[in-house]
Amino acid sequence: MRYCIGVLAVVALISATTLQAADDLQLAKVDGAKPLNIVFILSDDHRYDVMSFLGHPFVETPAMDALARDGVYFENAMVTTSLCSPSRASILTGQYMHNHGVVDNNVLTKPGTIFFPQYLQAAGYNTGYFGKWHMGGHSDAPRPGFDRWVSFRGQGHYYPPKHLKNWKLNVDGESVPQKGYITDELTDYALDWLNGIKGQDKPFFMYLSHKGVHGMFHPAERHAGRYKDKSMPVPETMADTTENYEGKPLWLKNQRNSWHGVDFAYHQDTDIEEHYRLYCEALLSVDDSIARVRKWLADNDLAENTLVMYMGDNGFQWGEHGLIDKRTAYEASMRVPLVGVCPPLWKPGTVVKEVVANIDIGPTCLAAADLKPPANMDGQSFLDLAAGKEDAAQWRKNLLYEYYWEYNFPQTPTTFALRSQRYKFIQYHGIWDIDELYDLQTDPLEQHNLIFDPAQQNRIKQMRSELHEILVKADANRVPFSHKRRMGQNLRRRSGSAPAKFPEELLRKSNAKE
């Protein structure tokens with residue numbers, strides 16, 4: 001009975017969204033240019049530097065490399081929240097988390113939310129969605145904006161789960177058994193759809209949203225064992241040393257011995273290196289998927305008028321600062337891969353150094369469709385930026401990062417950050433601790449917190465003020481939260497690292513002036 005009520009609530013919310021949005025989907029044209037076809041491919045938890053063209057010691061990503069070679073590599077691509085559902089909602093709405101309201105992996109989008117594919121659909125595009133949706137993970141029902149829908153509940157499964165006899169994919173509202181490896185199967189569905197609409201006098205938008213490479217990691221059979229003899233690149237900041245934690249927040253040291261720390265990862269005797277090898281092997285099928293899509297476009301003479309982008313939904317920490325997973329504002333968590341080709345506009349081999357983000361995907365796709373973005377989008381199109389038609393000096397100076405504390409993973413505090421090309425200021429909420437400032441030019445590994453540096457106090461004051469102004473202007477100077485249903489993953493290992501000590505800068509003998 002409880003499940004039925006939940007499903008009815010989801011259906012009601014989706015219906016309300018459809019009805020509320022129906023009268024407000026017509027966007028103004030930009031300049032009358034012919035709309036491009038658009039393909040957006042998203043992976044899960046793919047960190048920014050696990051691609052072979054960036055010099056990774058063993059991973060092979062020829063299709064991703066080809067996108068960078070044939071088009072554009074966005075060197076400083078970020079997410080505004082490093083968590084699956086909030087990041088995916090930011091992609092689909094062009095909005096920060098405080099606006100779209102998907103504050104964790106359990107929350108549905110608000111009634112009346114418009115996803116940018118609805119605008120494309122209203123403008124005459126064929127639209128198809130294939131893969132992980134995740135927002136309100138208990139439902140796989142079709143969402144507005146898509147003529148073709150193939151999805152699944154929650155995180156999905158790499159292979160059809162033997163322990164779930166009724167596990168199904170949702171194909172246009174019908175339950176259909178999953179047949180094989182999900183990355184390949186989703187690509188099959190996507191290409192079948194493209195074959196079905198081929199030859200129509202309409203542009204198309206395809207959103208291919210992979211489960212890969214979300215943990216627990218299961219590579220395709222053809223890739224299993226490829227890297228069994230390879231060693232994980234161990235980050236300099238992984239070791240439990242005084243130097244690595246000097247000047248760092250207490251919560252960071254304490255998280256080392258937690259669900260998201262290398263001492264007690266997932267509350268098991270986890271072999272981090274083995275997980276990393278499986279992660280890299282699972283990524284190979286995502287690369288295969290990109291190659292298959294681009295081959296189809298080339299074989300059907302559509303490559304020259306199609307924008308293709310590949311992106312990760314958030315980064316992933318593999319030992320940085322003693323952590324695994326994401327959620328933090330550190331580089332390995334918030335930086336993501338973003339590469340793409342757009343033959344009419346983007347020159348091969350272009351590297352964009354400006355900070356672009358997940359909130360920019362919607363406006364960019366609308367620009368490719370010759371549509372002006374709606375006023376409620378926080379992001380901006382980087383279509384002209386990557387084409388060299390926009391003055392880089394006019395691009396954003398700071399990107400807002402926000403993460404709200406989750407009861408199920410209480411080891412990471414509410415986090416706000418400003419990230420520019422050179423500096424990052426991180427401010428924590430609701431916790432007795434210190435903030436952080438990093439000079440990413442001289443300290444790319446974020447080893448030296450400058451929060452107490454006398455030479456940086458004016459910068460800290462300025463960035464703290466700018467952060468506050470952004471939050472106030474956006475009506476985001478508040479912290480939403482979802483239903484706390486239990487204590488969360490709050491265990492520690494007895495043999496793990498000890499709790500953090502308060503930094504010397506906070507200690508006094510007898511009064512505050514000493």
# chains A, B, ... in the order shown; residues from 1 in each chain; ligands from 1
call {"tool": "closest_atom_pairs", "arguments": {"of": "region 215-325 of chain A", "to": "region 369-373 of chain A", "cutoff": "12 Å", "atoms": "only C-alpha atoms", "output": "tab-separated table"}}
result
residue	atom	partner	partner_atom	distance
A:Asn305	CA	A:Ala369	CA	11.3
A:Thr306	CA	A:Ala369	CA	10.5
A:Leu307	CA	A:Ala369	CA	9.9
call {"tool": "closest_residue", "arguments": {"among": "A:Lys248, A:Lys397, A:Lys513, A:Arg327", "to": "Ile434 (chain A)", "atoms": "only C-alpha atoms"}}
result
A:Lys248
call {"tool": "atom_distance", "arguments": {"atom1": "CA of Phe146 (chain A)", "atom2": "CA of Thr127 (chain A)"}}
result
4.9 Å
call {"tool": "closest_residue", "arguments": {"among": "A:Glu273, A:Glu446, A:Asp147, A:Glu221", "to": "Trp193 (chain A)", "atoms": "only C-alpha atoms"}}
result
A:Asp147
call {"tool": "select_by_dssp", "arguments": {"residues": "region 246-410 of chain A", "states": "strand (DSSP E or B)", "output": "ChimeraX atom specification"}}
result
/A:261,306-312,317-318,323-325,335,338-341,350-357,371,399-403,406,409
call {"tool": "write_last_selection", "arguments": {"atoms": "N, CA and C atoms", "output": "compact mmCIF listing (two decimals), in the first residue's frame"}}
result
# COMPACT_ATOMS: atom_id res chain seq x y z
N GLY A 261 35.95 7.34 3.84
CA GLY A 261 37.37 7.50 4.08
C GLY A 261 38.13 6.23 3.77
N THR A 306 25.89 18.07 -36.05
CA THR A 306 25.47 17.57 -34.74
C THR A 306 26.47 18.00 -33.67
N LEU A 307 25.96 18.61 -32.61
CA LEU A 307 26.75 18.91 -31.42
C LEU A 307 26.75 17.67 -30.54
N VAL A 308 27.94 17.17 -30.22
CA VAL A 308 28.08 16.01 -29.34
C VAL A 308 28.89 16.43 -28.13
N MET A 309 28.36 16.19 -26.94
CA MET A 309 29.09 16.49 -25.71
C MET A 309 29.09 15.27 -24.80
N TYR A 310 30.22 15.05 -24.15
CA TYR A 310 30.34 14.01 -23.13
C TYR A 310 30.78 14.65 -21.82
N MET A 311 30.12 14.26 -20.73
CA MET A 311 30.39 14.88 -19.42
C MET A 311 30.19 13.84 -18.31
N GLY A 312 30.84 14.07 -17.16
CA GLY A 312 30.57 13.30 -15.96
C GLY A 312 29.64 14.09 -15.04
N GLN A 317 36.81 11.06 -5.61
CA GLN A 317 38.07 11.08 -4.88
C GLN A 317 38.58 9.65 -4.71
N TRP A 318 39.76 9.41 -5.19
CA TRP A 318 40.39 8.10 -5.00
C TRP A 318 41.61 8.27 -4.10
N LEU A 323 40.23 10.50 1.35
CA LEU A 323 38.80 10.31 1.08
C LEU A 323 38.57 9.46 -0.16
N ILE A 324 37.37 8.87 -0.23
CA ILE A 324 36.84 8.31 -1.45
C ILE A 324 35.48 8.96 -1.70
N ASP A 325 34.90 8.69 -2.88
CA ASP A 325 33.59 9.23 -3.24
C ASP A 325 33.67 10.71 -3.61
N ARG A 335 35.52 18.68 -10.03
CA ARG A 335 35.93 18.75 -11.43
C ARG A 335 35.44 17.51 -12.18
N LEU A 338 34.72 17.04 -19.56
CA LEU A 338 33.78 17.61 -20.52
C LEU A 338 34.54 17.82 -21.83
N VAL A 339 34.13 17.08 -22.84
CA VAL A 339 34.70 17.18 -24.18
C VAL A 339 33.56 17.16 -25.18
N GLY A 340 33.77 17.78 -26.32
CA GLY A 340 32.69 17.81 -27.30
C GLY A 340 33.14 18.26 -28.68
N VAL A 341 32.32 17.91 -29.66
CA VAL A 341 32.55 18.35 -31.04
C VAL A 341 31.32 19.09 -31.54
N THR A 350 40.76 22.54 -29.71
CA THR A 350 40.56 23.73 -28.86
C THR A 350 40.56 23.33 -27.38
N VAL A 351 41.19 24.14 -26.55
CA VAL A 351 41.16 23.95 -25.10
C VAL A 351 40.57 25.21 -24.48
N VAL A 352 39.49 25.05 -23.74
CA VAL A 352 38.85 26.17 -23.05
C VAL A 352 39.28 26.12 -21.59
N LYS A 353 39.89 27.19 -21.10
CA LYS A 353 40.40 27.23 -19.73
C LYS A 353 39.42 27.87 -18.75
N GLU A 354 38.43 28.60 -19.26
CA GLU A 354 37.46 29.25 -18.37
C GLU A 354 36.64 28.19 -17.63
N VAL A 355 36.12 28.58 -16.46
CA VAL A 355 35.33 27.66 -15.64
C VAL A 355 33.92 27.54 -16.22
N VAL A 356 33.59 26.35 -16.70
CA VAL A 356 32.24 26.05 -17.16
C VAL A 356 31.65 25.01 -16.22
N ALA A 357 30.33 24.83 -16.28
CA ALA A 357 29.70 24.00 -15.26
C ALA A 357 28.48 23.25 -15.80
N LEU A 371 17.86 28.96 -29.74
CA LEU A 371 16.85 29.45 -28.80
C LEU A 371 17.53 30.23 -27.68
N LEU A 399 32.49 30.63 -9.68
CA LEU A 399 31.42 29.65 -9.74
C LEU A 399 31.03 29.27 -8.32
N LEU A 400 29.75 29.29 -8.04
CA LEU A 400 29.24 28.88 -6.73
C LEU A 400 29.17 27.35 -6.65
N TYR A 401 29.66 26.81 -5.54
CA TYR A 401 29.51 25.39 -5.23
C TYR A 401 28.73 25.28 -3.93
N GLU A 402 27.78 24.35 -3.89
CA GLU A 402 26.98 24.17 -2.67
C GLU A 402 26.67 22.69 -2.48
N TYR A 403 26.76 22.27 -1.23
CA TYR A 403 26.39 20.91 -0.85
C TYR A 403 25.72 20.99 0.51
N GLU A 406 23.76 15.68 4.46
CA GLU A 406 22.81 14.58 4.32
C GLU A 406 22.83 13.73 5.59
N PHE A 409 24.77 10.38 5.27
CA PHE A 409 26.23 10.45 5.25
C PHE A 409 26.65 11.69 6.04
call {"tool": "atom_distance", "arguments": {"atom1": "CA of Val102 (chain A)", "atom2": "CA of Tyr404 (chain A)"}}
result
10.3 Å
call {"tool": "residues_around", "arguments": {"residues": "region 461-474 of chain A", "least_positions_apart": "6", "cutoff": "12 Å", "atoms": "only C-alpha atoms", "output": "ChimeraX atom specification"}}
result
/A:95-100,376-378,397-402,415-420,423-428,435-438,451-452,454-455
call {"tool": "closest_residue", "arguments": {"among": "A:Phe116, A:Phe382, A:Trp405, A:Phe316", "to": "His214 (chain A)", "atoms": "only C-alpha atoms"}}
result
A:Phe316
call {"tool": "closest_residue", "arguments": {"among": "A:His275, A:Arg459, A:His483, A:His321", "to": "Val213 (chain A)", "atoms": "only C-alpha atoms"}}
result
A:His275
call {"tool": "atom_distance", "arguments": {"atom1": "CA of Asp439 (chain A)", "atom2": "CA of Arg422 (chain A)"}}
result
5.9 Å
call {"tool": "decode", "arguments": {"residues": "region 75-106 of chain A", "atoms": "N, CA, C and O atoms", "output": "PDB file, in the first residue's frame"}}
result
ATOM      1  N   GLU A  75      38.931  22.383 -19.911  1.00  0.00           N
ATOM      2  CA  GLU A  75      39.929  22.027 -18.896  1.00  0.00           C
ATOM      3  C   GLU A  75      39.420  22.238 -17.474  1.00  0.00           C
ATOM      4  O   GLU A  75      39.820  21.529 -16.546  1.00  0.00           O
ATOM      5  N   ASN A  76      38.544  23.231 -17.289  1.00  0.00           N
ATOM      6  CA  ASN A  76      38.038  23.542 -15.949  1.00  0.00           C
ATOM      7  C   ASN A  76      36.523  23.390 -15.899  1.00  0.00           C
ATOM      8  O   ASN A  76      35.801  24.320 -15.553  1.00  0.00           O
ATOM      9  N   ALA A  77      36.059  22.207 -16.255  1.00  0.00           N
ATOM     10  CA  ALA A  77      34.630  21.900 -16.146  1.00  0.00           C
ATOM     11  C   ALA A  77      34.326  21.465 -14.713  1.00  0.00           C
ATOM     12  O   ALA A  77      35.052  20.664 -14.123  1.00  0.00           O
ATOM     13  N   MET A  78      33.253  22.007 -14.157  1.00  0.00           N
ATOM     14  CA  MET A  78      32.908  21.771 -12.752  1.00  0.00           C
ATOM     15  C   MET A  78      31.435  21.373 -12.630  1.00  0.00           C
ATOM     16  O   MET A  78      30.646  21.560 -13.545  1.00  0.00           O
ATOM     17  N   VAL A  79      31.101  20.852 -11.464  1.00  0.00           N
ATOM     18  CA  VAL A  79      29.694  20.735 -11.091  1.00  0.00           C
ATOM     19  C   VAL A  79      29.440  21.663  -9.915  1.00  0.00           C
ATOM     20  O   VAL A  79      30.344  21.950  -9.128  1.00  0.00           O
ATOM     21  N   THR A  80      28.229  22.150  -9.813  1.00  0.00           N
ATOM     22  CA  THR A  80      27.872  23.078  -8.749  1.00  0.00           C
ATOM     23  C   THR A  80      27.457  22.359  -7.474  1.00  0.00           C
ATOM     24  O   THR A  80      27.406  22.966  -6.413  1.00  0.00           O
ATOM     25  N   THR A  81      27.175  21.066  -7.589  1.00  0.00           N
ATOM     26  CA  THR A  81      26.987  20.180  -6.438  1.00  0.00           C
ATOM     27  C   THR A  81      27.515  18.818  -6.850  1.00  0.00           C
ATOM     28  O   THR A  81      27.076  18.261  -7.852  1.00  0.00           O
ATOM     29  N   SER A  82      28.445  18.270  -6.091  1.00  0.00           N
ATOM     30  CA  SER A  82      29.042  16.994  -6.459  1.00  0.00           C
ATOM     31  C   SER A  82      28.271  15.846  -5.818  1.00  0.00           C
ATOM     32  O   SER A  82      28.703  15.231  -4.850  1.00  0.00           O
ATOM     33  N   LEU A  83      27.100  15.585  -6.372  1.00  0.00           N
ATOM     34  CA  LEU A  83      26.223  14.523  -5.912  1.00  0.00           C
ATOM     35  C   LEU A  83      25.252  14.221  -7.044  1.00  0.00           C
ATOM     36  O   LEU A  83      24.759  15.140  -7.702  1.00  0.00           O
ATOM     37  N   CYS A  84      24.947  12.933  -7.252  1.00  0.00           N
ATOM     38  CA  CYS A  84      24.241  12.493  -8.464  1.00  0.00           C
ATOM     39  C   CYS A  84      22.975  13.285  -8.772  1.00  0.00           C
ATOM     40  O   CYS A  84      22.885  13.958  -9.803  1.00  0.00           O
ATOM     41  N   SER A  85      21.961  13.180  -7.918  1.00  0.00           N
ATOM     42  CA  SER A  85      20.673  13.785  -8.239  1.00  0.00           C
ATOM     43  C   SER A  85      20.724  15.310  -8.338  1.00  0.00           C
ATOM     44  O   SER A  85      20.202  15.876  -9.301  1.00  0.00           O
ATOM     45  N   PRO A  86      21.332  16.019  -7.376  1.00  0.00           N
ATOM     46  CA  PRO A  86      21.407  17.477  -7.525  1.00  0.00           C
ATOM     47  C   PRO A  86      22.136  17.905  -8.793  1.00  0.00           C
ATOM     48  O   PRO A  86      21.717  18.857  -9.463  1.00  0.00           O
ATOM     49  N   SER A  87      23.226  17.220  -9.147  1.00  0.00           N
ATOM     50  CA  SER A  87      23.967  17.588 -10.341  1.00  0.00           C
ATOM     51  C   SER A  87      23.138  17.333 -11.594  1.00  0.00           C
ATOM     52  O   SER A  87      23.111  18.147 -12.526  1.00  0.00           O
ATOM     53  N   ARG A  88      22.449  16.206 -11.645  1.00  0.00           N
ATOM     54  CA  ARG A  88      21.622  15.880 -12.802  1.00  0.00           C
ATOM     55  C   ARG A  88      20.459  16.861 -12.934  1.00  0.00           C
ATOM     56  O   ARG A  88      20.067  17.228 -14.051  1.00  0.00           O
ATOM     57  N   ALA A  89      19.913  17.283 -11.804  1.00  0.00           N
ATOM     58  CA  ALA A  89      18.850  18.290 -11.850  1.00  0.00           C
ATOM     59  C   ALA A  89      19.399  19.622 -12.354  1.00  0.00           C
ATOM     60  O   ALA A  89      18.712  20.345 -13.092  1.00  0.00           O
ATOM     61  N   SER A  90      20.636  19.963 -11.973  1.00  0.00           N
ATOM     62  CA  SER A  90      21.244  21.206 -12.460  1.00  0.00           C
ATOM     63  C   SER A  90      21.481  21.154 -13.965  1.00  0.00           C
ATOM     64  O   SER A  90      21.322  22.153 -14.668  1.00  0.00           O
ATOM     65  N   ILE A  91      21.851  19.981 -14.479  1.00  0.00           N
ATOM     66  CA  ILE A  91      22.016  19.826 -15.925  1.00  0.00           C
ATOM     67  C   ILE A  91      20.692  20.041 -16.632  1.00  0.00           C
ATOM     68  O   ILE A  91      20.599  20.775 -17.624  1.00  0.00           O
ATOM     69  N   LEU A  92      19.643  19.430 -16.135  1.00  0.00           N
ATOM     70  CA  LEU A  92      18.350  19.454 -16.822  1.00  0.00           C
ATOM     71  C   LEU A  92      17.609  20.778 -16.686  1.00  0.00           C
ATOM     72  O   LEU A  92      16.776  21.115 -17.527  1.00  0.00           O
ATOM     73  N   THR A  93      17.908  21.533 -15.624  1.00  0.00           N
ATOM     74  CA  THR A  93      17.189  22.796 -15.400  1.00  0.00           C
ATOM     75  C   THR A  93      18.039  24.023 -15.684  1.00  0.00           C
ATOM     76  O   THR A  93      17.498  25.126 -15.829  1.00  0.00           O
ATOM     77  N   GLY A  94      19.370  23.875 -15.711  1.00  0.00           N
ATOM     78  CA  GLY A  94      20.241  25.034 -15.826  1.00  0.00           C
ATOM     79  C   GLY A  94      20.288  25.855 -14.558  1.00  0.00           C
ATOM     80  O   GLY A  94      20.714  27.007 -14.568  1.00  0.00           O
ATOM     81  N   GLN A  95      19.908  25.247 -13.427  1.00  0.00           N
ATOM     82  CA  GLN A  95      19.795  25.975 -12.169  1.00  0.00           C
ATOM     83  C   GLN A  95      20.694  25.386 -11.082  1.00  0.00           C
ATOM     84  O   GLN A  95      21.010  24.194 -11.079  1.00  0.00           O
ATOM     85  N   TYR A  96      21.075  26.267 -10.148  1.00  0.00           N
ATOM     86  CA  TYR A  96      21.750  25.812  -8.938  1.00  0.00           C
ATOM     87  C   TYR A  96      20.787  24.975  -8.104  1.00  0.00           C
ATOM     88  O   TYR A  96      19.559  25.077  -8.237  1.00  0.00           O
ATOM     89  N   MET A  97      21.365  24.184  -7.199  1.00  0.00           N
ATOM     90  CA  MET A  97      20.563  23.311  -6.346  1.00  0.00           C
ATOM     91  C   MET A  97      19.549  24.091  -5.516  1.00  0.00           C
ATOM     92  O   MET A  97      18.419  23.639  -5.320  1.00  0.00           O
ATOM     93  N   HIS A  98      19.939  25.284  -5.020  1.00  0.00           N
ATOM     94  CA  HIS A  98      19.006  26.028  -4.162  1.00  0.00           C
ATOM     95  C   HIS A  98      17.777  26.480  -4.939  1.00  0.00           C
ATOM     96  O   HIS A  98      16.761  26.820  -4.329  1.00  0.00           O
ATOM     97  N   ASN A  99      17.852  26.489  -6.270  1.00  0.00           N
ATOM     98  CA  ASN A  99      16.687  26.860  -7.079  1.00  0.00           C
ATOM     99  C   ASN A  99      15.861  25.656  -7.493  1.00  0.00           C
ATOM    100  O   ASN A  99      14.630  25.673  -7.393  1.00  0.00           O
ATOM    101  N   HIS A 100      16.508  24.596  -7.979  1.00  0.00           N
ATOM    102  CA  HIS A 100      15.698  23.448  -8.416  1.00  0.00           C
ATOM    103  C   HIS A 100      15.223  22.594  -7.254  1.00  0.00           C
ATOM    104  O   HIS A 100      14.256  21.839  -7.387  1.00  0.00           O
ATOM    105  N   GLY A 101      15.855  22.677  -6.098  1.00  0.00           N
ATOM    106  CA  GLY A 101      15.331  22.043  -4.895  1.00  0.00           C
ATOM    107  C   GLY A 101      15.640  20.578  -4.716  1.00  0.00           C
ATOM    108  O   GLY A 101      15.212  19.976  -3.726  1.00  0.00           O
ATOM    109  N   VAL A 102      16.395  19.965  -5.621  1.00  0.00           N
ATOM    110  CA  VAL A 102      16.784  18.560  -5.449  1.00  0.00           C
ATOM    111  C   VAL A 102      18.048  18.552  -4.597  1.00  0.00           C
ATOM    112  O   VAL A 102      19.161  18.604  -5.102  1.00  0.00           O
ATOM    113  N   VAL A 103      17.880  18.492  -3.290  1.00  0.00           N
ATOM    114  CA  VAL A 103      18.981  18.721  -2.360  1.00  0.00           C
ATOM    115  C   VAL A 103      19.765  17.462  -2.014  1.00  0.00           C
ATOM    116  O   VAL A 103      20.831  17.535  -1.407  1.00  0.00           O
ATOM    117  N   ASP A 104      19.228  16.291  -2.379  1.00  0.00           N
ATOM    118  CA  ASP A 104      19.962  15.049  -2.145  1.00  0.00           C
ATOM    119  C   ASP A 104      19.449  14.002  -3.125  1.00  0.00           C
ATOM    120  O   ASP A 104      18.697  14.316  -4.054  1.00  0.00           O
ATOM    121  N   ASN A 105      19.847  12.756  -2.924  1.00  0.00           N
ATOM    122  CA  ASN A 105      19.488  11.702  -3.870  1.00  0.00           C
ATOM    123  C   ASN A 105      18.093  11.128  -3.661  1.00  0.00           C
ATOM    124  O   ASN A 105      17.708  10.176  -4.354  1.00  0.00           O
ATOM    125  N   ASN A 106      17.336  11.684  -2.738  1.00  0.00           N
ATOM    126  CA  ASN A 106      16.018  11.141  -2.436  1.00  0.00           C
ATOM    127  C   ASN A 106      14.862  12.027  -2.892  1.00  0.00           C
ATOM    128  O   ASN A 106      13.710  11.610  -2.860  1.00  0.00           O
TER     129      ASN A 106
END
